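S.K.: Would you mind keeping the following structure in view while I ask a few things?
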Amino acid sequence: MNFKNGFRINILLVFVFTIVGCTDNDIPQKENNDIPSKEEPTPPKENTEEYLFEILNLDYPGLEEVKSLYETGDSDAALKKLLTYYKNRTEIINPNLSTTLNETEQGYADYAINEYRFYVNDNYLEDKTRKIPYSLQNNDKTINWEFAPKGADNEYQKQLHRHNWMPLQGKAYQNSHDEKYIYSWKEVYTDWIAKNPKPDGKPDKFKWYQLQVSTRIMGQTESFEHFKSSPNFTTEWLSFFLIHFAEHADYLSMYKYTGENNILLSQAVALVFAGTLFPELKNAPQWQKTGCNIINEQTTKLFLRDGMTNDLSLHYHIGIVDGLYDLKRLIQLNKLPDNLLSPELDNVLLKATKVVMHFTYPSYFIKGSKDCSPAFNDSWIKTRSVLNKNFVKYAKMFPDDSELDYMKTYGKGTPPDTKIKTFEYSGFYVLRNGWTPQSTMLVHSNNVSSKLEDSSHNQLDNGTFELYHNGRNFFPDSGVCSYMKENDTEVMELRRWFRQTKAHNTMVLGQLEEHGSHRNRRHQQGTRQTIIIRRKR
């Protein structure tokens with residue numbers, strides 16, 4: 001793909017200023033969370049200890065005493081020995097474990113106990129200033145898993161069932177050893193399992209959809225390790241946890257997502273994590289193999305030849321690369337065979353990290369910057385700190401790459417070159433004259449994709465550009481549109497409206513139009529009043 005004739009030069013001559021207004025949220029004020037601990041829940045009776053031993057591989061190294069006790073008929077003693085094994089297990093390493101919690105995340109861990117205020121994501125908060133999630137508590141003090149805030153789109157219910165607050169409670173437990181966190185985890189997860197049973201057939205669109213299942217699996221691998229040292233992590237809870245962990249992984253391996261995007265990738269990564277971190281379960285080798293096979297099959301399908309993922313969204317691109325980084329760390333730390341993954345993956349990942357590098361604005365080198373990447377297609381603007389966390393990971397994957405080291409260290413060493421970067425397969429072009437905060441940089445989009453159904457992340461925005469100069473982005477794109485509710489014609493029309501050329505920063509010959517008011521109805525990145533220049537077609 002190339003610029004239209006003369007377009008590359010003409011676009012640089014356009015200087016229309018954009019006024020961007022944004023306000024920072026105040027630091028959230030913690031509410032009183034001195035909530036009495038609830039009684040320990042009783043796992044459903046149908047999940048018997050006998051079934052647990054059916055799904056365990058008792059020949060796995062380290063389970064010799066467990067097997068001996070079970071075969072002599074002493075299931076209770078065998079289960080106690082199994083719990084001791086897991087509490088003392090250190091040779092299996094989860095690379096995602098961390099006990100770091102900021103003040104906001106600590107608040108989310110506490111709010112989950114207070115009226116079941118479950119953190120979904122930062123777009124769905126009852127009080128955005130104080131970072132307080134919505135309550136799911138019914139009048140009878142039970143949990144309403146069907147709850148959705150008034151006016152929320154599909155994403156609230158989808159992301160609610162990913163249980164994003166549970167790993168935060170695990171971290172909070174490790175930092176405080178306050179048993180209220182494990183009481184909460186056990187109560188809420190038991191309630192969720194009872195009210196949201198596994199479907200008999202294919203995944204639904206919400207609770208057992210592949211992305212929800214894979215996210216829950218990843219969170220459960222963290223929660224298990226954080227909580228297993230608790231005196232309230234009992235043999236009954238171990239049985240309940242392992243049975244439903246295996247249920248999740250078995251179900252995820254049964255229904256391969258039919259698409260070549262971030263959802264399929266998350267499914268594959270979760271299966272490899274499940275099989276690697278719980279090798280004591282009989283089906284663990286199959287989970288691991290299925291996940292690796294998906295990744296090896298999809299490596300050249302998920303990524304275009306210029307390194308960009310086929311969603312053409314930098315946001316999802318960064319997420320996919322992050323998942324593969326975690327996977328490589330998992331394999332290295334647990335000393336798994338190198339041939340599990342295709343050797344081609346490293347070359348693909350290196351190209352993918354360079355996409356992020358070239359899409360980074362020079363404002364990245366200004367301390368505290370919040371607007372450091374373009375918002376083409378369904379992309380959220382990335383802050384300096386978020387990008388740096390990713391560059392640190394990229395530098396670990398490729399320690400000999402001086403360009404990634406430059407980005408990791410905020411500009412120490414030799415900067416990348418300033419030649420025009422042509423991503424011809426995805427249709428992006430990057431022009432810059434330097435890497436200092438005062439530099440000028442232009443990103444131009446001229447991509448084409450057949451993925452234009454309502455749920456796709458691509459937009460018909462050919463000719464869109466963003467222009468950064470001397471610390472300011474003069475042409476911020478209209479950004480992210482809302483996802484749809486079921487049968488919500490208005491929102492579906494709005495997503496389609498976003499795909500039009502006139503909804504973006506494109507060139508006009510002899511005519512100016514303003515479209516800021518319509519766009520700002522669902523803009524998720526702050527209020528923007530933008531004069532859009534477009535070319536008649």
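Naming works like this for the structure tokens: A, B, ... for the chains as they're shown, residue 1 at the start of each chain, ligands 1 onward in shown order.
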If you run DSSP on the backbone here, which positions in region 227-267 of chain A get helix (DSSP H, G or I)? Please write them as a PyMOL selection string.
M.R.: chain A and resi 227+235-254+262-267
S.K.: Determine, for each residue of region 167-200 of chain A having at least one atom at most 12 Å from an atom of region 110-126 of chain A, the closest pair of atoms and their separation in Å to one decimal, counting only C-alpha atoms; order by chain and ascending number, as a Markdown table.
M.R.:
| residue | atom | partner | partner_atom | distance |
| --- | --- | --- | --- | --- |
| A:Pro167 | CA | A:Tyr119 | CA | 11.1 |
| A:Leu168 | CA | A:Asp110 | CA | 9.2 |
| A:Gln169 | CA | A:Asp110 | CA | 7.6 |
| A:Gly170 | CA | A:Asp110 | CA | 11.2 |
| A:Lys171 | CA | A:Asp110 | CA | 11.5 |
| A:Ala172 | CA | A:Asp110 | CA | 8.6 |
| A:Tyr173 | CA | A:Asp110 | CA | 10.6 |
| A:Ser176 | CA | A:Asp110 | CA | 12.0 |
| A:Asp178 | CA | A:Asp110 | CA | 11.1 |
| A:Glu179 | CA | A:Ile113 | CA | 11.7 |
| A:Lys180 | CA | A:Ile113 | CA | 8.1 |
| A:Tyr181 | CA | A:Ile113 | CA | 7.8 |
| A:Ile182 | CA | A:Ile113 | CA | 10.3 |
| A:Tyr183 | CA | A:Ile113 | CA | 9.2 |
| A:Ser184 | CA | A:Ile113 | CA | 6.1 |
| A:Trp185 | CA | A:Ile113 | CA | 9.0 |
| A:Lys186 | CA | A:Ile113 | CA | 11.5 |
| A:Glu187 | CA | A:Ile113 | CA | 10.0 |
| A:Val188 | CA | A:Tyr116 | CA | 8.6 |
| A:Tyr189 | CA | A:Ala112 | CA | 11.9 |
| A:Asp191 | CA | A:Tyr116 | CA | 11.8 |
S.K.: Write the selection just made, keeping N, CA, C and O atoms, as an mmCIF file, in the first residue's frame?
M.R.:
data_model
loop_
_atom_site.group_PDB
_atom_site.id
_atom_site.type_symbol
_atom_site.label_atom_id
_atom_site.label_comp_id
_atom_site.auth_asym_id
_atom_site.auth_seq_id
_atom_site.Cartn_x
_atom_site.Cartn_y
_atom_site.Cartn_z
ATOM 1 N N PRO A 167 -7.153 -11.757 41.654
ATOM 2 C CA PRO A 167 -5.694 -11.735 41.862
ATOM 3 C C PRO A 167 -5.245 -10.553 42.725
ATOM 4 O O PRO A 167 -4.251 -10.659 43.446
ATOM 5 N N LEU A 168 -5.965 -9.430 42.659
ATOM 6 C CA LEU A 168 -5.626 -8.281 43.506
ATOM 7 C C LEU A 168 -5.834 -8.627 44.974
ATOM 8 O O LEU A 168 -5.054 -8.208 45.839
ATOM 9 N N GLN A 169 -6.866 -9.392 45.283
ATOM 10 C CA GLN A 169 -7.086 -9.827 46.661
ATOM 11 C C GLN A 169 -5.983 -10.788 47.104
ATOM 12 O O GLN A 169 -5.574 -10.774 48.271
ATOM 13 N N GLY A 170 -5.504 -11.609 46.166
ATOM 14 C CA GLY A 170 -4.391 -12.496 46.504
ATOM 15 C C GLY A 170 -3.147 -11.720 46.864
ATOM 16 O O GLY A 170 -2.442 -12.056 47.836
ATOM 17 N N LYS A 171 -2.857 -10.672 46.101
ATOM 18 C CA LYS A 171 -1.710 -9.820 46.431
ATOM 19 C C LYS A 171 -1.908 -9.138 47.776
ATOM 20 O O LYS A 171 -0.972 -9.034 48.575
ATOM 21 N N ALA A 172 -3.134 -8.653 48.009
ATOM 22 C CA ALA A 172 -3.422 -7.988 49.286
ATOM 23 C C ALA A 172 -3.226 -8.956 50.442
ATOM 24 O O ALA A 172 -2.734 -8.566 51.519
ATOM 25 N N TYR A 173 -3.584 -10.225 50.250
ATOM 26 C CA TYR A 173 -3.377 -11.219 51.310
ATOM 27 C C TYR A 173 -1.891 -11.427 51.585
ATOM 28 O O TYR A 173 -1.463 -11.502 52.748
ATOM 29 N N SER A 176 -0.650 -8.515 53.649
ATOM 30 C CA SER A 176 -1.235 -8.260 54.968
ATOM 31 C C SER A 176 -1.482 -9.508 55.802
ATOM 32 O O SER A 176 -1.576 -9.434 57.022
ATOM 33 N N ASP A 178 -4.178 -10.901 55.998
ATOM 34 C CA ASP A 178 -5.512 -10.722 56.557
ATOM 35 C C ASP A 178 -6.435 -11.757 55.919
ATOM 36 O O ASP A 178 -6.637 -11.767 54.703
ATOM 37 N N GLU A 179 -7.009 -12.606 56.759
ATOM 38 C CA GLU A 179 -7.800 -13.728 56.257
ATOM 39 C C GLU A 179 -9.101 -13.289 55.577
ATOM 40 O O GLU A 179 -9.756 -14.095 54.907
ATOM 41 N N LYS A 180 -9.489 -12.024 55.723
ATOM 42 C CA LYS A 180 -10.727 -11.573 55.076
ATOM 43 C C LYS A 180 -10.645 -11.727 53.558
ATOM 44 O O LYS A 180 -11.671 -11.920 52.894
ATOM 45 N N TYR A 181 -9.431 -11.658 53.005
ATOM 46 C CA TYR A 181 -9.295 -11.754 51.554
ATOM 47 C C TYR A 181 -9.554 -13.163 51.050
ATOM 48 O O TYR A 181 -10.198 -13.355 50.014
ATOM 49 N N ILE A 182 -9.088 -14.173 51.772
ATOM 50 C CA ILE A 182 -9.356 -15.537 51.310
ATOM 51 C C ILE A 182 -10.800 -15.918 51.592
ATOM 52 O O ILE A 182 -11.428 -16.644 50.804
ATOM 53 N N TYR A 183 -11.379 -15.404 52.668
ATOM 54 C CA TYR A 183 -12.803 -15.634 52.902
ATOM 55 C C TYR A 183 -13.619 -15.095 51.728
ATOM 56 O O TYR A 183 -14.558 -15.729 51.249
ATOM 57 N N SER A 184 -13.262 -13.902 51.287
ATOM 58 C CA SER A 184 -13.973 -13.284 50.172
ATOM 59 C C SER A 184 -13.804 -14.101 48.895
ATOM 60 O O SER A 184 -14.775 -14.366 48.170
ATOM 61 N N TRP A 185 -12.568 -14.494 48.611
ATOM 62 C CA TRP A 185 -12.291 -15.276 47.397
ATOM 63 C C TRP A 185 -13.105 -16.563 47.388
ATOM 64 O O TRP A 185 -13.757 -16.902 46.391
ATOM 65 N N LYS A 186 -13.084 -17.280 48.505
ATOM 66 C CA LYS A 186 -13.778 -18.558 48.567
ATOM 67 C C LYS A 186 -15.298 -18.390 48.453
ATOM 68 O O LYS A 186 -15.968 -19.136 47.734
ATOM 69 N N GLU A 187 -15.811 -17.395 49.148
ATOM 70 C CA GLU A 187 -17.253 -17.170 49.099
ATOM 71 C C GLU A 187 -17.712 -16.797 47.689
ATOM 72 O O GLU A 187 -18.670 -17.368 47.147
ATOM 73 N N VAL A 188 -17.025 -15.837 47.073
ATOM 74 C CA VAL A 188 -17.460 -15.310 45.782
ATOM 75 C C VAL A 188 -17.261 -16.342 44.669
ATOM 76 O O VAL A 188 -18.137 -16.523 43.814
ATOM 77 N N TYR A 189 -16.124 -17.030 44.669
ATOM 78 C CA TYR A 189 -15.878 -18.004 43.606
ATOM 79 C C TYR A 189 -16.832 -19.194 43.730
ATOM 80 O O TYR A 189 -17.334 -19.711 42.719
ATOM 81 N N ASP A 191 -19.849 -19.049 44.932
ATOM 82 C CA ASP A 191 -21.141 -18.540 44.488
ATOM 83 C C ASP A 191 -21.189 -18.457 42.957
ATOM 84 O O ASP A 191 -22.200 -18.813 42.342
#
S.K.: Residues within 7 Å of Arg384 (chain A), please, as a list in words. Count only C-alpha atoms; anything in the same chain fewer than 3 positions from it doesn't count.
M.R.: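 What passes the distance filter is Tyr364, Gly368, Ser369, Lys370, Cys372, Leu387 and Asn388 of chain A.
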S.K.: For Val356 (chain A), please output as a PyMOL selection string all residues within 9 Å (counting only C-alpha atoms; exclusion window: fewer than 6 positions along the same chain).
M.R.: chain A and resi 308+314+317-318+373+387+391
S.K.: Residues of the last selection are to be written out with all heavy atoms, as a PDB file, in the first residue's frame.
M.R.:
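Ended up saving to selection18.pdb:
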ATOM      1  N   MET A 308       3.060  -5.932  12.394  1.00  0.00           N
ATOM      2  CA  MET A 308       1.807  -5.512  13.008  1.00  0.00           C
ATOM      3  C   MET A 308       0.831  -6.688  13.073  1.00  0.00           C
ATOM      4  O   MET A 308       0.803  -7.522  12.178  1.00  0.00           O
ATOM      5  CB  MET A 308       1.192  -4.358  12.206  1.00  0.00           C
ATOM      6  CG  MET A 308      -0.217  -3.950  12.631  1.00  0.00           C
ATOM      7  SD  MET A 308      -0.328  -3.337  14.329  1.00  0.00           S
ATOM      8  CE  MET A 308       0.222  -1.634  14.098  1.00  0.00           C
ATOM      9  N   LEU A 314      -3.033  -0.844  17.735  1.00  0.00           N
ATOM     10  CA  LEU A 314      -1.841  -0.890  18.580  1.00  0.00           C
ATOM     11  C   LEU A 314      -2.161  -1.423  19.969  1.00  0.00           C
ATOM     12  O   LEU A 314      -1.341  -2.111  20.589  1.00  0.00           O
ATOM     13  CB  LEU A 314      -1.220   0.507  18.685  1.00  0.00           C
ATOM     14  CG  LEU A 314       0.139   0.570  19.394  1.00  0.00           C
ATOM     15  CD1 LEU A 314       1.203  -0.180  18.608  1.00  0.00           C
ATOM     16  CD2 LEU A 314       0.559   2.028  19.610  1.00  0.00           C
ATOM     17  N   HIS A 317      -2.396  -5.117  19.709  1.00  0.00           N
ATOM     18  CA  HIS A 317      -1.044  -5.542  19.334  1.00  0.00           C
ATOM     19  C   HIS A 317      -0.164  -5.675  20.578  1.00  0.00           C
ATOM     20  O   HIS A 317       0.508  -6.691  20.785  1.00  0.00           O
ATOM     21  CB  HIS A 317      -0.457  -4.517  18.361  1.00  0.00           C
ATOM     22  CG  HIS A 317       0.947  -4.792  17.944  1.00  0.00           C
ATOM     23  ND1 HIS A 317       1.271  -5.462  16.783  1.00  0.00           N
ATOM     24  CD2 HIS A 317       2.141  -4.474  18.528  1.00  0.00           C
ATOM     25  CE1 HIS A 317       2.589  -5.566  16.676  1.00  0.00           C
ATOM     26  NE2 HIS A 317       3.133  -4.962  17.720  1.00  0.00           N
ATOM     27  N   ILE A 318      -0.174  -4.645  21.421  1.00  0.00           N
ATOM     28  CA  ILE A 318       0.636  -4.669  22.639  1.00  0.00           C
ATOM     29  C   ILE A 318       0.197  -5.800  23.555  1.00  0.00           C
ATOM     30  O   ILE A 318       1.023  -6.496  24.164  1.00  0.00           O
ATOM     31  CB  ILE A 318       0.547  -3.311  23.358  1.00  0.00           C
ATOM     32  CG1 ILE A 318       1.296  -2.237  22.541  1.00  0.00           C
ATOM     33  CG2 ILE A 318       1.132  -3.381  24.768  1.00  0.00           C
ATOM     34  CD1 ILE A 318       1.143  -0.827  23.090  1.00  0.00           C
ATOM     35  N   SER A 373       1.106   7.685  22.338  1.00  0.00           N
ATOM     36  CA  SER A 373       0.904   6.780  21.205  1.00  0.00           C
ATOM     37  C   SER A 373      -0.351   7.184  20.452  1.00  0.00           C
ATOM     38  O   SER A 373      -1.246   7.817  21.016  1.00  0.00           O
ATOM     39  CB  SER A 373       0.772   5.334  21.694  1.00  0.00           C
ATOM     40  OG  SER A 373      -0.421   5.173  22.450  1.00  0.00           O
ATOM     41  N   LEU A 387       3.950   2.214  28.463  1.00  0.00           N
ATOM     42  CA  LEU A 387       4.875   1.850  27.391  1.00  0.00           C
ATOM     43  C   LEU A 387       6.208   1.369  27.941  1.00  0.00           C
ATOM     44  O   LEU A 387       6.797   0.408  27.442  1.00  0.00           O
ATOM     45  CB  LEU A 387       5.086   3.039  26.453  1.00  0.00           C
ATOM     46  CG  LEU A 387       3.933   3.345  25.495  1.00  0.00           C
ATOM     47  CD1 LEU A 387       4.197   4.641  24.736  1.00  0.00           C
ATOM     48  CD2 LEU A 387       3.720   2.198  24.508  1.00  0.00           C
ATOM     49  N   PHE A 391       8.471  -1.915  27.181  1.00  0.00           N
ATOM     50  CA  PHE A 391       9.834  -1.871  26.639  1.00  0.00           C
ATOM     51  C   PHE A 391      10.818  -2.620  27.539  1.00  0.00           C
ATOM     52  O   PHE A 391      11.786  -3.216  27.052  1.00  0.00           O
ATOM     53  CB  PHE A 391      10.278  -0.428  26.444  1.00  0.00           C
ATOM     54  CG  PHE A 391       9.651   0.242  25.246  1.00  0.00           C
ATOM     55  CD1 PHE A 391       9.002   1.461  25.369  1.00  0.00           C
ATOM     56  CD2 PHE A 391       9.696  -0.359  23.994  1.00  0.00           C
ATOM     57  CE1 PHE A 391       8.408   2.074  24.272  1.00  0.00           C
ATOM     58  CE2 PHE A 391       9.105   0.238  22.886  1.00  0.00           C
ATOM     59  CZ  PHE A 391       8.461   1.462  23.028  1.00  0.00           C
TER      60      PHE A 391
END
S.K.: What does the distance from CA of Phe278 (chain A) to CA of Glu71 (chain A) come to in Å, to one decimal?
M.R.: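 Here the two named atoms are 21.9 Å from each other.
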S.K.: Within 12 Å of Lys367 (chain A), counting only C-alpha atoms, which residues qualify if same-chain residues fewer than 4 places away don't, as a compact mmCIF listing (two decimals) with N, CA, C and O atoms, in the first residue's frame?
M.R.:
# COMPACT_ATOMS: atom_id res chain seq x y z
N PRO A 362 7.59 11.18 20.66
CA PRO A 362 8.71 11.69 21.46
C PRO A 362 8.30 12.19 22.84
O PRO A 362 9.15 12.36 23.71
N SER A 363 7.01 12.40 23.09
CA SER A 363 6.55 12.79 24.43
C SER A 363 6.85 11.69 25.45
O SER A 363 6.85 11.94 26.66
N ASP A 371 0.15 11.02 26.89
CA ASP A 371 -0.31 10.91 25.50
C ASP A 371 0.89 10.55 24.64
O ASP A 371 1.50 11.40 24.00
N CYS A 372 1.23 9.25 24.61
CA CYS A 372 2.49 8.83 24.00
C CYS A 372 2.33 7.87 22.83
O CYS A 372 3.31 7.30 22.36
N THR A 383 0.19 5.67 28.07
CA THR A 383 0.99 6.59 28.85
C THR A 383 2.46 6.17 28.81
O THR A 383 2.80 5.05 28.42
N ARG A 384 3.30 7.07 29.27
CA ARG A 384 4.74 6.80 29.32
C ARG A 384 5.03 5.57 30.18
O ARG A 384 5.81 4.70 29.80
N SER A 385 4.40 5.48 31.35
CA SER A 385 4.69 4.37 32.26
C SER A 385 4.25 3.03 31.69
O SER A 385 4.94 2.01 31.84
N ASN A 388 6.69 2.03 29.00
CA ASN A 388 7.99 1.62 29.54
C ASN A 388 7.95 0.21 30.11
O ASN A 388 8.91 -0.56 29.95
N TYR A 410 14.67 5.16 28.71
CA TYR A 410 14.21 6.52 28.44
C TYR A 410 15.28 7.36 27.73
O TYR A 410 15.44 8.54 28.01
N GLY A 411 16.02 6.75 26.82
CA GLY A 411 16.89 7.54 25.97
C GLY A 411 18.37 7.47 26.25
O GLY A 411 19.12 8.34 25.79
N PRO A 437 12.03 15.22 22.88
CA PRO A 437 10.67 15.74 23.07
C PRO A 437 10.30 16.86 22.11
O PRO A 437 9.12 17.07 21.81
N GLY A 471 6.22 18.35 21.80
CA GLY A 471 5.50 17.99 23.01
C GLY A 471 3.99 17.96 22.90
O GLY A 471 3.30 17.75 23.90
S.K.: If we count only C-alpha atoms and set the cut-off at 9 Å, which residues sit around Asn175 (chain A), ignoring sequence neighbours fewer than 5 positions away in its own chain? Please answer as an MDAnalysis selection string.
M.R.: chainID A and resid 99:101 170
S.K.: Using CA of Asp204 (chain A) and CA of Tyr156 (chain A) as the two end points, give the distance in Å to one decimal.
M.R.: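 About the pair CA of Asp204 (chain A) and CA of Tyr156 (chain A): they are 15.2 Å apart.
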S.K.: Go through A:Thr464, A:Ser223, A:Asn102, A:Val272 and flag the residue nearest Pro476 (chain A), using only C-alpha atoms for the distances.
M.R.: A:Thr464
S.K.: Hey, what's within 12 Å of Thr90 (chain A) if we count only C-alpha atoms and toss same-chain stuff fewer than 6 positions away? As a list of chain:residue names, please?
M.R.: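 The residues that qualify are A:Gly62, A:Thr84, A:Glu225, A:Leu277, A:Leu333, A:Asn334.
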S.K.: Write to file, as a short mmCIF file (atom, residue, chain, number, x, y, z; two decimals), in the first residue's frame, the residues of the selection just made, with all heavy atoms.
M.R.:
data_model
loop_
_atom_site.label_atom_id
_atom_site.label_comp_id
_atom_site.auth_asym_id
_atom_site.auth_seq_id
_atom_site.Cartn_x
_atom_site.Cartn_y
_atom_site.Cartn_z
N GLY A 62 6.63 -36.73 42.95
CA GLY A 62 6.28 -35.94 44.13
C GLY A 62 4.99 -36.36 44.77
O GLY A 62 4.70 -35.99 45.91
N THR A 84 -0.29 -30.59 51.52
CA THR A 84 1.08 -30.31 51.97
C THR A 84 2.02 -30.21 50.78
O THR A 84 2.91 -29.34 50.74
CB THR A 84 1.56 -31.42 52.93
OG1 THR A 84 0.70 -31.46 54.06
CG2 THR A 84 2.99 -31.16 53.38
N GLU A 225 -1.51 -19.48 44.10
CA GLU A 225 -0.20 -19.34 44.73
C GLU A 225 -0.23 -18.32 45.86
O GLU A 225 0.45 -18.48 46.88
CB GLU A 225 0.84 -18.93 43.68
CG GLU A 225 1.12 -20.00 42.64
CD GLU A 225 1.73 -21.26 43.23
OE1 GLU A 225 2.42 -21.18 44.28
OE2 GLU A 225 1.50 -22.35 42.66
N LEU A 277 1.61 -25.14 34.88
CA LEU A 277 1.58 -24.81 36.31
C LEU A 277 0.83 -25.84 37.15
O LEU A 277 0.99 -25.88 38.37
CB LEU A 277 0.95 -23.43 36.51
CG LEU A 277 1.72 -22.28 35.86
CD1 LEU A 277 1.01 -20.96 36.11
CD2 LEU A 277 3.15 -22.21 36.39
N LEU A 333 11.48 -20.32 32.68
CA LEU A 333 11.59 -20.50 34.13
C LEU A 333 11.31 -21.94 34.56
O LEU A 333 11.86 -22.42 35.55
CB LEU A 333 10.63 -19.56 34.85
CG LEU A 333 10.99 -18.06 34.79
CD1 LEU A 333 9.89 -17.22 35.42
CD2 LEU A 333 12.31 -17.79 35.51
N ASN A 334 10.46 -22.63 33.80
CA ASN A 334 10.14 -24.01 34.16
C ASN A 334 10.94 -25.03 33.36
O ASN A 334 10.65 -26.23 33.41
CB ASN A 334 8.64 -24.23 33.99
CG ASN A 334 7.83 -23.48 35.03
OD1 ASN A 334 7.74 -23.89 36.18
ND2 ASN A 334 7.25 -22.34 34.64
#
S.K.: Name the closest residue to Leu265 (chain A) among the candidates A:Lys202, A:Lys301, A:Lys389, A:His226; distances are taken between atoms, counting only C-alpha atoms.
M.R.: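 Result for the nearest residue to Leu265 (chain A): A:Lys301.
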S.K.: Just the number, please: distance in Å from CA of Arg432 (chain A) to CA of Val392 (chain A), one decimal.
M.R.: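 Value for the CA of Arg432 (chain A)-CA of Val392 (chain A) distance: 23.1 Å.
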